[in-house]
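Notes follow once the structure below has been shown.
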Amino acid sequence: MISVEINGEQRELDVDPQMPLLWALRDHLDLTGTKFGCGRALCGACTVHIDGEAARSCSITVGDVDGKKVTTIEGVSGPVAEAVVGAWRDLDVVQCGYCQSGQIMSAITLLTKNPSPTDADIDSSMVGNICRCGTYQRIRAAIHQGAKKAGGEA
Amino acid sequence: MDLRHEYGWPSPLPPSQRVGPAATLALAALLLVAGCGERKAERPDNAPPARASQDGDHWQQIASVLTHPRCLNCHQVEMPLQGDGRPHIPRVERGPDNMGVAAMRCSNCHKSGNNQASGVPGAPHWSLAPESMNWSGLSTAELCQQLLDPKRNGGRTPDDLAKHMGEDPLVLWGWQPGADREPVPIQHDKFMEVFRAWVAAGTPCPQQEQSEDSA
């Protein structure tokens, strides 16, 4: 039995410890906001937070998160998360939307660690999140706006 | 057991069907395999020990391991390589602690062991080697000098180096790289025999030669 805190709630998972975390989230916990993209940690669509760090849930096993805190797009909260989500809405970032939960999870991690990122900082942190609609310019603008809303940028 | 099938992953495509650099990034993300290299013939367990009749032989055998992509891919200046030495996808930078930057950290994908479902490799403290330990572009003679220089080897004595080669779990990953990655070319116990013999002989290095970069 794997014990994990998911979105603030303690959960017991009776699954194969080698099961990808993404599978457990989507198929066992009905948290379908986290998306399957490539299955090989190349695209970022499955990004969640593990103990506050961005992580690719397709390439992390359930056993890897035993005793840890997992946050998915359904459970993000706090000033930085609210600023990021608000900016995403203000700038209408989303096109098809498939990658965007992963984009937002990485953006929250970035602004949590670096409240005032430069364009280069954004590029180096967001490079692992691919958007086939090409919304990169709006993503970058939304991160800057989120930084201002969260108090990091003047 | 191939967990990619167990959990509904698509089967890996053969190399002839993998996309080239002109394909779109999104398509590349779907098709390229993280950390993989085409598997070469693996040295069998009962292969004869590496010949160690001369000190130079010792070093050349050691160098064949240290310059193998399983070691060299992360002894780079700013960004790791993957597979047989191609750029790491996605691009990741060294960062202040050799483990990446804010939302793009080695541990975003690499955990304490190889992931059977995705093929992503893993070992404890997965990271780039410190910049002082960059081995890219060195001749084997230069690599030998660098390996023995405490300012460029983490302050290690030759015995410390032997301990590092023998016990560090990230070093040992090179012999168990998982998926279809080629392991380093000499069995670990044989490698350690050669390494200890080289240390016992006084860690002789070959004559200086020009590296490819400086030639």
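Chains: A, B, ... in order of the structure tokens. Residues: from 1 per chain. Ligands: from 1, in order shown.
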Would you give me, as a PyMOL selection string, the residues of chain A that come within 8 Å of chain B, using only C-alpha atoms?
chain A and resi 18-20+23+37-43+53-56+58-61+64+106-107+109-110+113-114+124-128+130-132
What's the 10 Å shell around Leu72 (chain B), counting only C-alpha atoms, without same-chain residues fewer than 6 positions away, as a PDB file with C-alpha atoms, in the first residue's frame?
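The result, written out as out21.pdb:
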```pdb
ATOM      1  CA  VAL B  65      34.989   3.573 -19.865  1.00  0.00           C
ATOM      2  CA  LEU B  66      35.366   7.230 -18.887  1.00  0.00           C
ATOM      3  CA  PRO B  80      24.115  17.207 -20.609  1.00  0.00           C
ATOM      4  CA  LEU B  81      24.059  14.990 -23.658  1.00  0.00           C
ATOM      5  CA  GLN B  82      22.037  11.815 -24.033  1.00  0.00           C
ATOM      6  CA  ASP B  84      25.257   8.274 -28.000  1.00  0.00           C
ATOM      7  CA  GLY B  85      26.107  11.929 -27.418  1.00  0.00           C
ATOM      8  CA  LEU B 128      25.797  17.032 -14.176  1.00  0.00           C
ATOM      9  CA  ALA B 129      29.316  16.546 -12.874  1.00  0.00           C
ATOM     10  CA  ASN B 134      34.212  18.734 -17.593  1.00  0.00           C
ATOM     11  CA  TRP B 135      35.719  16.004 -19.766  1.00  0.00           C
ATOM     12  CA  SER B 136      34.373  17.045 -23.146  1.00  0.00           C
TER      13      SER B 136
END
```
Which neighbours of Gln176 (chain B) fall inside 12 Å, counting only C-alpha atoms, when residues of the same chain fewer than 6 positions from it are skipped, and could you give them as number ranges by chain?
B: 42, 70, 113-114, 121-123, 169-170, 182-188
Mind the document's chain letters and residue numbers, and return as a PyMOL selection string the residues of region 9-153 of chain A that DSSP labels strand (DSSP E).
chain A and resi 9-13+47-50+53-56+69-71
Please produce a file of those selected residues containing C-alpha atoms, as a short mmCIF file (atom, residue, chain, number, x, y, z; two decimals), in the first residue's frame.
```cif
data_model
loop_
_atom_site.label_atom_id
_atom_site.label_comp_id
_atom_site.auth_asym_id
_atom_site.auth_seq_id
_atom_site.Cartn_x
_atom_site.Cartn_y
_atom_site.Cartn_z
CA GLU A 9 -5.80 14.74 1.21
CA GLN A 10 -4.09 11.59 2.46
CA ARG A 11 -4.71 8.72 0.03
CA GLU A 12 -3.80 5.04 0.18
CA LEU A 13 -3.07 3.48 -3.20
CA THR A 47 3.63 17.91 -15.02
CA VAL A 48 2.56 17.86 -11.37
CA HIS A 49 4.24 19.03 -8.17
CA ILE A 50 5.94 16.59 -5.83
CA GLU A 53 8.92 20.59 -7.29
CA ALA A 54 7.72 20.24 -10.87
CA ALA A 55 7.78 16.60 -11.93
CA ARG A 56 6.75 14.55 -14.96
CA LYS A 69 2.94 15.41 -1.24
CA VAL A 70 1.59 15.50 -4.78
CA THR A 71 -0.28 18.50 -6.15
#
```
Residue contacts of Ala24 (chain A) (9 Å, only C-alpha atoms) excluding same-chain residues fewer than 5 positions away, as number ranges by chain
A: 13, 15, 19, 29-31, 62
Produce a file of the selected residues containing C-alpha atoms, as a tab-separated table (two decimals), in the first residue's frame.
```
chain	number	residue	atom	x	y	z
A	13	LEU	CA	-3.07	3.48	-3.20
A	15	VAL	CA	-1.52	-0.47	-6.91
A	19	MET	CA	2.70	2.05	-12.02
A	29	LEU	CA	-8.16	8.93	-8.52
A	30	ASP	CA	-10.12	10.49	-11.41
A	31	LEU	CA	-7.80	13.50	-11.49
A	62	VAL	CA	3.74	5.52	-7.57
```
Mind listing the helix (DSSP H, G or I) residues of chain A, per DSSP on the backbone, as a ChimeraX atom specification?
/A:21-28,57-59,63-65,73-75,79-90,100-113,119-126,136-149
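Reported to one decimal place, the separation of CA of Ser116 (chain A) from CA of Glu153 (chain A) is 5.2 Å.
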Enter the distance from CA of Leu91 (chain A) to CA of Ala141 (chain A), in Å, rounded to one decimal.
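For CA of Leu91 (chain A) relative to CA of Ala141 (chain A), the distance reads 7.9 Å.
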Pro130 (chain B): which residues within 10 Å, counting only C-alpha atoms, same-chain residues fewer than 5 positions away excluded, as a PyMOL selection string?
chain B and resi 74-78+94+96-99+152-154
Which value, in Å to one decimal, gives the distance between CA of Asp90 (chain A) and CA of Gly146 (chain A)?
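According to the coordinates, CA of Asp90 (chain A) and CA of Gly146 (chain A) are separated by 10.0 Å.
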May I have the residues within 6 Å of Pro115 (chain A) as a list of chain:residue names, using only C-alpha atoms and disregarding those fewer than 3 positions away in the same chain?
A:Leu111, A:Ala147, A:Gly152
For Gly97 (chain A), which residue out of A:Thr118, A:Thr32, A:Ser77, A:Thr135 is the nearest one, using only C-alpha atoms?
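Looking only at the distances to Gly97 (chain A), the closest residue turns out to be A:Thr135.
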